[in-house]
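Shown next: input_33.cif, given as mmCIF, C-alpha atoms.
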```
data_target
loop_
_atom_site.label_atom_id
_atom_site.label_comp_id
_atom_site.auth_asym_id
_atom_site.auth_seq_id
_atom_site.Cartn_x
_atom_site.Cartn_y
_atom_site.Cartn_z
CA MET A 1 -8.98 -21.23 -0.44
CA HIS A 2 -9.46 -22.32 -4.04
CA ARG A 3 -13.09 -22.59 -5.06
CA SER A 4 -12.74 -26.31 -5.79
CA GLU A 5 -11.66 -26.87 -2.16
CA ARG A 6 -14.95 -25.68 -0.67
CA THR A 7 -16.87 -28.32 1.20
CA ARG A 8 -20.58 -29.01 1.12
CA ARG A 9 -22.54 -27.20 3.81
CA HIS A 10 -26.06 -27.04 5.18
CA PRO A 11 -28.37 -25.41 2.59
CA LEU A 12 -28.99 -22.37 4.81
CA GLN A 13 -25.29 -21.92 5.56
CA GLU A 14 -22.50 -20.64 3.37
CA ASP A 15 -18.72 -20.63 3.33
CA HIS A 16 -17.25 -17.15 3.06
CA GLY A 17 -13.55 -17.60 2.55
CA PRO A 18 -10.69 -18.91 4.67
CA VAL A 19 -10.13 -18.00 8.30
CA ARG A 20 -6.38 -17.65 7.75
CA TYR A 21 -6.83 -14.49 5.74
CA GLY A 22 -9.26 -11.66 6.20
CA PRO A 23 -9.43 -8.04 5.13
CA PRO A 24 -8.03 -5.45 7.54
CA ALA A 25 -10.43 -3.09 9.24
CA PRO A 26 -10.76 0.25 7.46
CA ASP A 27 -7.67 2.27 8.35
CA PRO A 28 -8.38 5.69 9.88
CA GLY A 29 -5.60 7.29 7.86
CA LEU A 30 -4.85 9.57 10.83
CA PRO A 31 -1.89 9.90 13.21
CA VAL A 32 -2.11 8.83 16.86
CA LEU A 33 -3.53 11.52 19.13
CA PRO A 34 -0.48 12.94 20.99
CA GLU A 35 -2.29 12.95 24.33
CA LEU A 36 -2.99 9.22 24.08
CA ALA A 37 0.57 8.51 22.98
CA GLY A 38 1.75 10.33 26.09
CA VAL A 39 -0.43 8.22 28.38
CA LEU A 40 0.82 5.03 26.73
CA ALA A 41 4.44 6.14 27.01
CA ALA A 42 4.03 7.03 30.68
CA SER A 43 2.76 3.51 31.33
CA ALA A 44 5.35 1.71 29.23
CA ALA A 45 7.27 0.48 32.27
CA ARG A 46 4.25 -1.48 33.49
CA THR A 47 5.03 -5.06 32.55
CA ARG A 48 2.04 -6.96 33.91
CA PRO A 49 -1.04 -7.60 31.79
CA GLU A 50 -4.51 -6.72 33.00
CA PRO A 51 -6.45 -9.52 34.71
CA PRO A 52 -8.86 -11.53 32.53
CA GLY A 53 -11.68 -9.22 31.50
CA GLY A 54 -9.73 -6.06 32.31
CA GLY A 55 -8.72 -4.21 35.45
CA THR A 56 -10.94 -1.98 37.58
CA ILE A 57 -9.72 1.31 36.09
CA LEU A 58 -10.49 0.22 32.53
CA ARG A 59 -13.87 -1.25 33.40
CA GLU A 60 -14.94 1.78 35.42
CA ALA A 61 -13.92 4.05 32.54
CA ALA A 62 -16.07 1.90 30.24
CA CYS A 63 -19.03 2.33 32.61
CA GLY A 64 -18.60 6.10 32.50
CA TYR A 65 -18.43 6.04 28.70
CA TRP A 66 -21.61 3.98 28.38
CA GLY A 67 -23.37 5.91 31.15
CA ARG A 68 -22.96 9.14 29.16
CA ARG A 69 -24.83 7.34 26.38
CA GLY A 70 -27.71 6.26 28.55
CA LEU A 71 -26.44 2.73 29.26
CA HIS A 72 -25.88 2.56 33.00
CA GLY A 73 -24.30 -0.27 34.95
CA GLY A 74 -21.39 -1.29 37.12
CA PRO A 75 -17.89 -2.54 36.30
CA GLY A 76 -18.92 -6.07 37.29
CA SER A 77 -20.93 -6.26 34.07
CA VAL A 78 -18.01 -5.30 31.79
CA ALA A 79 -15.38 -7.48 30.16
CA ALA A 80 -12.36 -6.31 28.17
CA ALA A 81 -10.18 -8.19 25.70
CA PRO A 82 -7.29 -7.39 23.33
CA GLY A 83 -9.48 -6.77 20.31
CA ALA A 84 -13.00 -7.56 19.13
CA GLN A 85 -12.16 -10.96 17.65
CA PRO A 86 -11.26 -12.83 20.86
CA LEU A 87 -14.08 -11.10 22.71
CA LEU A 88 -16.68 -12.05 20.11
CA LEU A 89 -15.32 -15.59 20.04
CA ALA A 90 -15.80 -15.79 23.80
CA LEU A 91 -19.32 -14.35 23.57
CA ILE A 92 -20.43 -16.83 20.90
CA ALA A 93 -18.97 -19.69 22.91
CA ALA A 94 -20.60 -18.53 26.15
CA TYR A 95 -24.09 -18.06 24.74
CA GLY A 96 -24.23 -21.34 22.82
CA GLY A 97 -26.60 -22.37 20.04
CA ASP A 98 -26.79 -21.37 16.39
CA VAL A 99 -25.85 -17.84 15.32
CA LEU A 100 -27.78 -15.48 13.05
CA MET A 101 -26.35 -12.37 11.45
CA PRO A 102 -27.34 -9.88 8.75
CA ARG A 103 -26.17 -10.11 5.16
CA PRO A 104 -23.75 -8.42 4.62
CA CYS A 105 -21.95 -8.34 7.98
CA PRO A 106 -18.47 -7.60 9.35
CA ALA A 107 -15.86 -9.92 7.88
CA THR A 108 -14.83 -11.33 11.27
CA TRP A 109 -18.25 -12.61 12.36
CA MET A 110 -18.65 -15.75 10.28
CA PRO A 111 -15.06 -16.97 10.92
CA GLN A 112 -15.64 -16.76 14.69
CA ALA A 113 -18.71 -18.98 14.47
CA ARG A 114 -16.90 -21.33 12.09
CA LEU A 115 -13.93 -21.71 14.45
CA LEU A 116 -16.32 -22.81 17.18
CA GLY A 117 -18.13 -25.21 14.86
CA ARG A 118 -21.38 -23.29 15.31
CA PRO A 119 -24.01 -23.29 12.57
CA ALA A 120 -24.42 -19.71 11.36
CA TYR A 121 -27.05 -18.21 9.10
CA HIS A 122 -27.36 -14.96 7.21
CA VAL A 123 -30.58 -12.94 7.20
CA PRO A 124 -31.32 -10.35 4.48
CA THR A 125 -31.27 -6.68 5.45
CA PRO A 126 -33.87 -4.09 4.40
CA ALA A 127 -33.28 -1.81 1.45
CA GLU A 128 -32.56 1.32 3.48
CA CYS A 129 -29.62 0.10 5.56
CA GLY A 130 -27.34 -2.73 6.57
CA GLY A 131 -26.40 -4.12 9.96
CA ILE A 132 -29.95 -5.03 11.03
CA PRO A 133 -31.92 -7.98 9.63
CA ASP A 134 -35.31 -7.42 8.09
CA PRO A 135 -37.68 -8.37 10.94
CA TYR A 136 -39.92 -10.59 8.82
CA ALA A 137 -36.96 -12.30 7.19
CA LEU A 138 -35.52 -12.88 10.68
CA LEU A 139 -38.69 -14.59 11.87
CA GLU A 140 -38.83 -16.74 8.74
CA THR A 141 -35.16 -17.74 9.09
CA VAL A 142 -35.67 -18.73 12.72
CA ARG A 143 -38.69 -20.81 11.72
CA ARG A 144 -36.79 -22.58 8.94
CA VAL A 145 -33.73 -23.27 11.10
CA ARG A 146 -35.88 -24.78 13.84
CA ALA A 147 -37.85 -26.82 11.34
CA GLU A 148 -34.58 -28.35 10.17
CA GLY A 149 -33.46 -29.21 13.69
CA GLY A 150 -31.37 -26.13 14.47
CA ARG A 151 -31.17 -24.18 17.74
CA PRO A 152 -31.02 -20.44 16.95
CA ARG A 153 -29.89 -18.68 20.12
CA LEU A 154 -27.81 -15.63 19.20
CA LEU A 155 -28.30 -12.66 16.85
CA LEU A 156 -25.38 -10.40 15.91
CA ILE A 157 -26.25 -6.90 14.71
CA SER A 158 -24.56 -3.51 14.17
CA VAL A 159 -26.67 -0.35 14.23
CA ALA A 160 -23.82 1.73 12.77
CA ASP A 161 -22.65 -0.82 10.27
CA ASP A 162 -19.53 -2.26 8.78
CA PRO A 163 -19.43 -2.88 5.85
CA THR A 164 -22.32 -0.75 4.54
CA ALA A 165 -21.43 2.42 6.52
CA THR A 166 -25.15 2.99 7.12
CA LEU A 167 -27.13 3.82 10.25
CA ALA A 168 -30.26 1.81 11.01
CA PRO A 169 -33.39 3.89 11.76
CA PRO A 170 -34.56 3.53 15.39
CA GLU A 171 -37.94 2.12 14.36
CA LEU A 172 -36.28 -0.65 12.38
CA VAL A 173 -33.91 -1.45 15.25
CA ARG A 174 -36.90 -1.75 17.58
CA GLU A 175 -38.82 -4.04 15.23
CA ALA A 176 -35.83 -6.31 14.66
CA CYS A 177 -35.02 -6.50 18.37
CA GLU A 178 -38.61 -7.23 19.34
CA ALA A 179 -38.74 -10.00 16.73
CA ALA A 180 -35.49 -11.50 18.04
CA VAL A 181 -36.53 -11.37 21.69
CA SER A 182 -39.94 -12.85 20.91
CA GLU A 183 -38.13 -15.89 19.50
CA GLY A 184 -35.86 -16.24 22.50
CA LEU A 185 -32.70 -14.92 20.82
CA HIS A 186 -30.06 -13.03 22.74
CA ILE A 187 -28.68 -10.02 20.85
CA VAL A 188 -25.04 -8.96 20.59
CA SER A 189 -25.03 -5.34 19.42
CA ASP A 190 -21.70 -4.34 17.88
CA GLU A 191 -21.44 -0.59 18.47
CA THR A 192 -17.86 -0.11 17.34
CA TRP A 193 -18.79 2.68 14.94
CA ARG A 194 -21.33 4.59 17.05
CA ASP A 195 -18.93 7.53 17.61
CA THR A 196 -18.06 7.88 13.93
CA LEU A 197 -21.38 9.29 12.67
CA HIS A 198 -20.62 11.70 9.85
CA ARG A 199 -23.42 14.09 10.77
CA PRO A 200 -24.35 13.34 14.39
CA GLN A 201 -26.55 16.41 14.60
CA ASP A 202 -28.76 15.07 11.80
CA THR A 203 -28.97 11.41 12.83
CA VAL A 204 -30.21 9.41 15.80
CA LEU A 205 -28.43 6.27 16.99
CA LEU A 206 -30.46 4.10 19.33
CA SER A 207 -28.71 1.20 21.02
CA PRO A 208 -30.69 -2.04 21.20
CA ALA A 209 -29.64 -2.17 24.87
CA GLU A 210 -31.85 0.87 25.48
CA MET A 211 -34.87 -1.02 24.14
CA CYS A 212 -34.27 -4.54 25.43
CA PRO A 213 -31.92 -4.08 28.40
CA ASP A 214 -32.18 -7.68 29.62
CA ASP A 215 -31.58 -9.25 26.22
CA VAL A 216 -28.68 -7.29 24.70
CA THR A 217 -24.93 -7.52 25.20
CA VAL A 218 -23.09 -4.52 23.75
CA LEU A 219 -19.74 -5.04 22.03
CA SER A 220 -17.38 -2.20 21.13
CA ASP A 221 -13.94 -2.22 19.55
CA LEU A 222 -12.27 1.01 20.67
CA ALA A 223 -10.38 1.16 17.39
CA GLY A 224 -13.59 2.45 15.84
CA ALA A 225 -13.10 5.97 17.17
CA LEU A 226 -11.07 6.09 20.38
CA THR A 227 -7.75 4.25 20.05
CA PRO A 228 -5.37 3.15 17.27
CA SER A 229 -5.99 -0.32 15.88
CA ALA A 230 -2.41 -1.23 16.85
CA TRP A 231 -3.47 -0.92 20.51
CA PRO A 232 -6.19 -3.60 20.57
CA VAL A 233 -8.92 -3.16 23.17
CA ALA A 234 -12.56 -4.22 22.95
CA LEU A 235 -15.28 -4.12 25.59
CA ALA A 236 -18.49 -6.01 26.26
CA ARG A 237 -21.33 -4.71 28.45
CA PHE A 238 -23.59 -7.42 29.83
CA PRO A 239 -27.20 -7.06 30.99
CA ALA A 240 -27.88 -6.79 34.71
CA THR A 241 -29.47 -10.24 35.06
CA ALA A 242 -28.48 -13.45 36.80
CA ARG A 243 -28.30 -15.30 33.49
CA ALA A 244 -26.04 -12.61 32.02
CA ALA A 245 -23.80 -12.78 35.10
CA ALA A 246 -23.27 -16.49 34.50
CA ARG A 247 -22.41 -15.84 30.87
CA HIS A 248 -20.10 -13.02 31.86
CA ALA A 249 -18.24 -15.47 34.11
CA ARG A 250 -18.07 -17.95 31.24
CA VAL A 251 -16.60 -15.27 28.96
CA LEU A 252 -13.90 -14.57 31.55
CA ASP A 253 -13.11 -18.30 31.69
CA ILE A 254 -12.72 -18.40 27.91
CA LEU A 255 -10.57 -15.25 27.78
CA THR A 256 -8.37 -16.78 30.48
CA ALA A 257 -8.00 -20.01 28.51
CA LEU A 258 -7.11 -18.03 25.39
CA GLY A 259 -4.62 -15.84 27.23
CA ALA A 260 -6.57 -12.90 25.80
CA LEU A 261 -5.36 -10.25 28.21
CA VAL A 262 -5.06 -6.51 27.59
CA ALA A 263 -1.56 -5.07 28.05
CA GLU A 264 -1.55 -2.65 30.99
CA PRO A 265 -0.06 0.34 29.08
CA VAL A 266 -2.74 -0.11 26.43
CA ALA A 267 -5.42 -0.41 29.12
CA ARG A 268 -4.29 2.88 30.68
CA ALA A 269 -4.45 4.65 27.32
CA ALA A 270 -7.86 3.11 26.59
CA ALA A 271 -9.20 4.17 29.98
CA HIS A 272 -8.00 7.72 29.31
CA ALA A 273 -9.73 7.74 25.92
CA LEU A 274 -12.94 6.34 27.44
CA GLY A 275 -12.94 9.28 29.86
CA GLU A 276 -13.34 11.50 26.77
CA PRO A 277 -11.21 14.50 27.75
CA GLU A 278 -11.51 17.49 25.46
CA ALA A 279 -8.62 16.42 23.18
CA VAL A 280 -10.31 13.06 22.55
CA ARG A 281 -13.71 14.64 21.94
CA GLU A 282 -12.18 17.11 19.52
CA ARG A 283 -10.38 14.34 17.62
CA ILE A 284 -13.65 12.40 17.31
CA ARG A 285 -15.44 15.50 15.99
CA GLN A 286 -12.67 16.34 13.53
CA ALA A 287 -12.37 12.79 12.24
CA ALA A 288 -16.13 12.45 11.73
CA ARG A 289 -16.28 15.76 9.89
CA LEU A 290 -13.33 14.83 7.67
CA GLN A 291 -14.80 11.44 6.86
CA ALA A 292 -18.14 13.05 6.00
CA HIS A 293 -16.42 15.19 3.34
CA VAL A 294 -14.16 12.51 1.89
CA ALA A 295 -16.66 9.64 2.00
CA SER A 296 -19.24 11.81 0.25
CA ALA A 297 -16.73 12.62 -2.49
CA ALA A 298 -15.84 8.94 -2.89
CA HIS A 299 -19.55 8.10 -3.01
CA ARG A 300 -20.07 10.61 -5.81
CA ALA A 301 -17.21 9.05 -7.75
CA VAL A 302 -18.83 5.62 -7.42
CA LEU A 303 -22.20 6.88 -8.63
CA THR A 304 -20.61 8.82 -11.50
CA VAL A 305 -19.38 5.62 -13.16
CA GLY A 306 -22.82 4.02 -12.89
CA ALA A 307 -22.20 1.86 -9.83
CA LEU A 308 -24.43 1.83 -6.76
CA ALA A 309 -23.82 2.56 -3.08
CA ARG A 310 -25.86 3.72 -0.14
CA PRO A 311 -24.75 7.15 1.09
CA PRO A 312 -22.15 6.53 3.84
CA GLN A 313 -23.31 7.74 7.25
CA ALA A 314 -20.63 6.38 9.60
CA GLY A 315 -17.17 4.88 9.67
CA ARG A 316 -14.36 5.28 7.16
CA HIS A 317 -15.53 3.28 4.19
CA LEU A 318 -18.40 2.74 1.78
CA TYR A 319 -19.88 -0.38 0.23
CA ALA A 320 -20.19 -0.27 -3.54
CA ASP A 321 -22.18 -2.50 -5.87
CA LEU A 322 -20.56 -2.65 -9.31
CA GLY A 323 -23.23 -4.96 -10.67
CA PRO A 324 -24.37 -2.37 -13.26
CA LEU A 325 -20.83 -2.54 -14.71
CA ARG A 326 -20.82 -6.33 -14.97
CA ALA A 327 -20.35 -6.47 -18.75
CA ARG A 328 -17.41 -4.07 -18.69
CA LEU A 329 -15.82 -5.88 -15.78
CA ALA A 330 -16.26 -9.24 -17.50
CA ALA A 331 -14.32 -7.87 -20.48
CA ARG A 332 -11.44 -7.35 -18.03
CA GLY A 333 -11.73 -10.86 -16.62
CA VAL A 334 -13.68 -9.82 -13.51
CA THR A 335 -16.75 -11.99 -13.01
CA ASP A 336 -17.14 -12.30 -9.23
CA SER A 337 -16.25 -10.47 -6.03
CA MET A 338 -12.98 -12.38 -5.53
CA GLU A 339 -11.73 -11.18 -8.91
CA LEU A 340 -13.14 -7.71 -8.23
CA GLU A 341 -11.17 -7.56 -4.98
CA GLU A 342 -7.93 -8.40 -6.78
CA TYR A 343 -8.67 -5.99 -9.63
CA LEU A 344 -9.50 -2.94 -7.50
CA THR A 345 -6.85 -3.61 -4.83
CA GLU A 346 -4.21 -3.50 -7.56
CA ARG A 347 -5.56 -0.35 -9.18
CA LEU A 348 -6.33 1.57 -6.01
CA GLY A 349 -3.15 0.53 -4.22
CA ALA A 350 -5.17 -0.17 -1.06
CA PRO A 351 -7.23 -3.10 0.23
CA ALA A 352 -10.62 -3.36 -1.47
CA PRO A 353 -12.16 -6.52 0.01
CA GLY A 354 -14.91 -8.11 -2.00
CA GLY A 355 -18.44 -8.66 -0.79
CA HIS A 356 -17.91 -12.41 -0.35
CA ARG A 357 -15.87 -11.58 2.75
CA PHE A 358 -18.92 -9.93 4.29
CA GLY A 359 -21.38 -12.70 3.58
CA ASP A 360 -22.61 -11.51 0.20
CA GLU A 361 -22.98 -13.88 -2.72
CA LEU A 362 -19.75 -14.54 -4.59
CA GLY A 363 -21.38 -13.57 -7.86
CA ALA A 364 -22.46 -10.17 -6.55
CA LEU A 365 -19.92 -7.55 -7.61
CA ARG A 366 -19.72 -5.72 -4.30
CA VAL A 367 -16.69 -4.26 -2.57
CA ARG A 368 -15.82 -2.25 0.54
CA LEU A 369 -13.80 0.85 -0.28
CA SER A 370 -11.85 2.57 2.49
CA THR A 371 -11.44 6.32 2.73
CA GLY A 372 -8.36 6.30 4.99
CA PRO A 373 -5.90 6.11 2.06
CA LEU A 374 -7.43 9.33 0.65
CA LEU A 375 -6.42 11.47 3.63
CA GLY A 376 -2.67 11.65 3.01
CA SER A 377 0.40 9.45 2.99
CA THR A 378 2.32 11.12 5.82
CA PRO A 379 1.36 12.14 9.38
CA GLU A 380 1.81 15.78 8.36
CA GLN A 381 -0.63 15.46 5.45
CA GLN A 382 -3.12 13.56 7.58
CA THR A 383 -3.00 16.18 10.31
CA GLU A 384 -3.51 18.90 7.72
CA SER A 385 -6.54 17.00 6.38
CA LEU A 386 -7.92 16.71 9.90
CA THR A 387 -7.75 20.42 10.65
CA ALA A 388 -8.58 21.89 7.21
CA VAL A 389 -11.80 23.84 6.81
CA GLU A 390 -12.17 22.50 3.26
CA PRO A 391 -10.17 19.25 3.15
CA LEU A 392 -11.22 18.38 -0.40
CA LYS A 393 -9.27 21.40 -1.64
CA LEU A 394 -5.99 20.22 -0.15
CA PRO A 395 -3.64 19.13 -2.97
CA HIS A 396 -2.91 15.69 -1.52
CA VAL A 397 -6.60 14.92 -0.86
CA ALA A 398 -7.66 16.22 -4.28
CA ARG A 399 -4.94 14.14 -5.93
CA ALA A 400 -5.92 10.98 -4.05
CA LEU A 401 -9.59 11.44 -4.91
CA SER A 402 -8.68 12.05 -8.55
CA MET A 403 -6.72 8.79 -8.67
CA PHE A 404 -9.60 6.98 -6.94
CA ALA A 405 -12.07 8.32 -9.48
CA ALA A 406 -9.75 7.51 -12.38
CA ALA A 407 -9.46 3.87 -11.28
CA LEU A 408 -13.22 3.57 -11.32
CA ASP A 409 -13.59 5.60 -14.49
CA GLU A 410 -11.68 2.92 -16.42
CA LEU A 411 -14.84 0.82 -16.10
CA ARG A 412 -17.13 3.29 -17.88
#
```
Now that the file is in, can you turn its structure into structure tokens?
Amino acid sequence: MHRSERTRRHPLQEDHGPVRYGPPAPDPGLPVLPELAGVLAASAARTRPEPPGGGTILREAACGYWGRRGLHGGPGSVAAAPGAQPLLLALIAAYGGDVLMPRPCPATWMPQARLLGRPAYHVPTPAECGGIPDPYALLETVRRVRAEGGRPRLLLISVADDPTATLAPPELVREACEAAVSEGLHIVSDETWRDTLHRPQDTVLLSPAEMCPDDVTVLSDLAGALTPSAWPVALARFPATARAAARHARVLDILTALGALVAEPVARAAAHALGEPEAVRERIRQAARLQAHVASAAHRAVLTVGALARPPQAGRHLYADLGPLRARLAARGVTDSMELEEYLTERLGAPAPGGHRFGDELGALRVRLSTGPLLGSTPEQQTESLTAVEPLKLPHVARALSMFAAALDELR
């Protein structure tokens, strides 16, 4: 969308780029786990899709997965869809009202609300992390929206966040959730990245559903840690209330109307991954450890050139603010995040979506940088990165990090 084509919007709302194009999710840069590939291959002859919301095997496996994380419930409170986008679309449609979300937020959130014609509003996040709105800013935003005739009903949050790769402290999660519930908002907690914590032994992730069990629907895209993104499966866990049951039924109606059904071979592989056999647990541990090393190195490269970024704590990316390099970027014709996206994507040879795609101001020179391309260009190199004791010393990783740093160093 050309800037001149943007339409006027409500003063509290913003347009964040076209729906027809969005940045890909951060690529893991790792080969498919052979055990999962075997399960998928063994189910390849199954030609029927799962029923709307997923079959019993998949939903029971999801209950086991969440139960091991302290979130208990039955398969009747679970819905599955082929990816997070159709599932989130169905959730927003089922819950109704205006939508609030943190700034910045995942690139897919605002387009879903826009497709449904729902007013959506960004709320600033605190200095220490992304994914969770500042509680006081949330209350003020709700007040302003209502004063202008709006109906805020739904809050989207992510404790382990895309794009900032940060983890929200439990006390902040509690304060934000209590503020939301006190204003009658239902919370959708996107926990896609909860199993990608770089140092799980040093951090505590607390799901909002543990604090406010009747007011939180949990959303998880299994591509975060369990399955390849090419095998789309996402799950929603609804509260055990009569109101939630009605909304769950509405979500199933919407998924049916969309034809958003999970392929049965993919469902079987997803159910196997959700059971967390030893091979899956080991892959999760290895991937998190590898990302901790590589993301830290990429973070150091960003800071070395004078840019800013919070230390990455989860996921396979980091969120950099190149605002301190504004004058040098301007000399290269880069004055906003759209131009920064084009500039860095070309030089890094990998997608580097600008902050405008995540709800940040166009003039802010922010960008999400993925670490997947730094792990190797072949399955053999990626596997070697995954199993190496010191992955940063591998020639292909060291070379990729050197090229990454050199692209940024041009801005010094």
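Nearest-residue note for Leu375 of chain A: choosing from A:Leu40, A:Ala398, A:Ala147, A:Ala331, the minimum distance belongs to A:Ala398, counting only C-alpha atoms.
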- [ ] Translate the PyMOL selection byres ((chain A and resi 263) around 10), as applied to the file shown, into an explicit residue set as a list in words.
- [x] Ala44, Arg46, Thr47, Arg48, Pro49, Glu50, Pro51, Gly54, Ala81, Pro82, Trp231, Pro232, Val233, Ala260, Leu261, Val262, Glu264, Pro265, Val266, Ala267 and Arg268 of chain A
Task: Explicit residues for the PyMOL selection byres ((chain A and resi 235) around 6) (as an NGL selection string) - done: :A and (79-80 or 219-220 or 234 or 236)
TODO: Counting all atoms listed in the file, note down every residue that has an atom within 12 Å of the point (-30.0, -4.9, -0.1) (file coordinates), as a VMD selection string.
DONE: chain A and resid 102 to 105 123 to 134 164 166 308 to 310 319 to 321 360 to 361 364 366
Task: Residues within 10 Å of (-3.9, 19.3, 4.7), counting only C-alpha atoms, listed as a list in words - done: Leu375, Gly376, Glu380, Gln381, Gln382, Thr383, Glu384, Ser385, Leu386, Thr387, Ala388, Val389, Glu390, Pro391, Leu392, Lys393, Leu394, Pro395, His396 and Val397 of chain A
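Of the listed residues (A:Pro373, A:Pro31, A:Pro163, A:Gly70), A:Pro163 comes nearest to Pro353 of chain A; the distances count only C-alpha atoms.
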- [ ] Extract, using only C-alpha atoms, all DNA, RNA and protein residues at most 6 Å from segment 89-94 of chain A, discarding same-chain residues fewer than 4 positions from it, and format them as number ranges by chain.
- [x] A: 112, 247, 250-251, 254
TODO: I would like the residues chosen by the PyMOL selection byres ((chain A and resi 185) around 9) on the shown file; could you give them as an MDAnalysis selection string?
DONE: chainID A and resid 152:155 179:184 186:187 215
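Comparing the minimum interatomic distances between Gly22 of chain A and each of A:Met101, A:Leu116, A:Met110, A:Val218, counting only C-alpha atoms, we find that A:Met110 sits nearest.
For Thr304 of chain A, the list of residues within 12 Å, based on only C-alpha atoms and with local chain neighbours fewer than 3 positions off taken out, reads A:Ala297, A:Ala298, A:His299, A:Arg300, A:Ala301, A:Ala307, A:Leu308, A:Ala309, A:Leu322, A:Pro324, A:Leu325, A:Ala405, A:Ala406, A:Leu408, A:Asp409, A:Glu410, A:Leu411, A:Arg412.
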Open item on the list: Calculated over only C-alpha atoms, which of the candidates A:Leu206, A:Ala240, A:Ala113, A:Ala223 has the smallest distance to Gly74 of chain A?
Closed with: A:Ala240
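Picture a line from atom CA of Asp98 of chain A to atom CA of Leu365 of chain A; it runs 28.5 Å.
When atom CA of Thr203 of chain A is paired with atom CA of Glu35 of chain A, their separation reads 29.1 Å.
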- [ ] Could you give me, as a PyMOL selection string, the residues within 10 Å of Arg237 of chain A, counting only C-alpha atoms and dropping anything in the same chain fewer than 2 positions from it?
- [x] chain A and resi 59+62-63+66+71-80+188-189+209+216-220+235+239-240+244+248
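Pairwise distance (atom CA of Ala270 of chain A, atom CA of Ser207 of chain A) equals 21.7 Å.
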Task: Close residues, Pro106 of chain A itself excluded, 9 Å, only C-alpha atoms, min 3 positions apart in chain, as an MDAnalysis selection string - done: chainID A and resid 109:110 131 158 161:163 357:359
Residue selection dump (C-alpha atoms) as a PDB file, in the frame of the given file:
```pdb
ATOM      1  CA  TRP A 109     -18.250 -12.610  12.360  1.00  0.00           C
ATOM      2  CA  MET A 110     -18.650 -15.750  10.280  1.00  0.00           C
ATOM      3  CA  GLY A 131     -26.400  -4.120   9.960  1.00  0.00           C
ATOM      4  CA  SER A 158     -24.560  -3.510  14.170  1.00  0.00           C
ATOM      5  CA  ASP A 161     -22.650  -0.820  10.270  1.00  0.00           C
ATOM      6  CA  ASP A 162     -19.530  -2.260   8.780  1.00  0.00           C
ATOM      7  CA  PRO A 163     -19.430  -2.880   5.850  1.00  0.00           C
ATOM      8  CA  ARG A 357     -15.870 -11.580   2.750  1.00  0.00           C
ATOM      9  CA  PHE A 358     -18.920  -9.930   4.290  1.00  0.00           C
ATOM     10  CA  GLY A 359     -21.380 -12.700   3.580  1.00  0.00           C
TER      11      GLY A 359
END
```
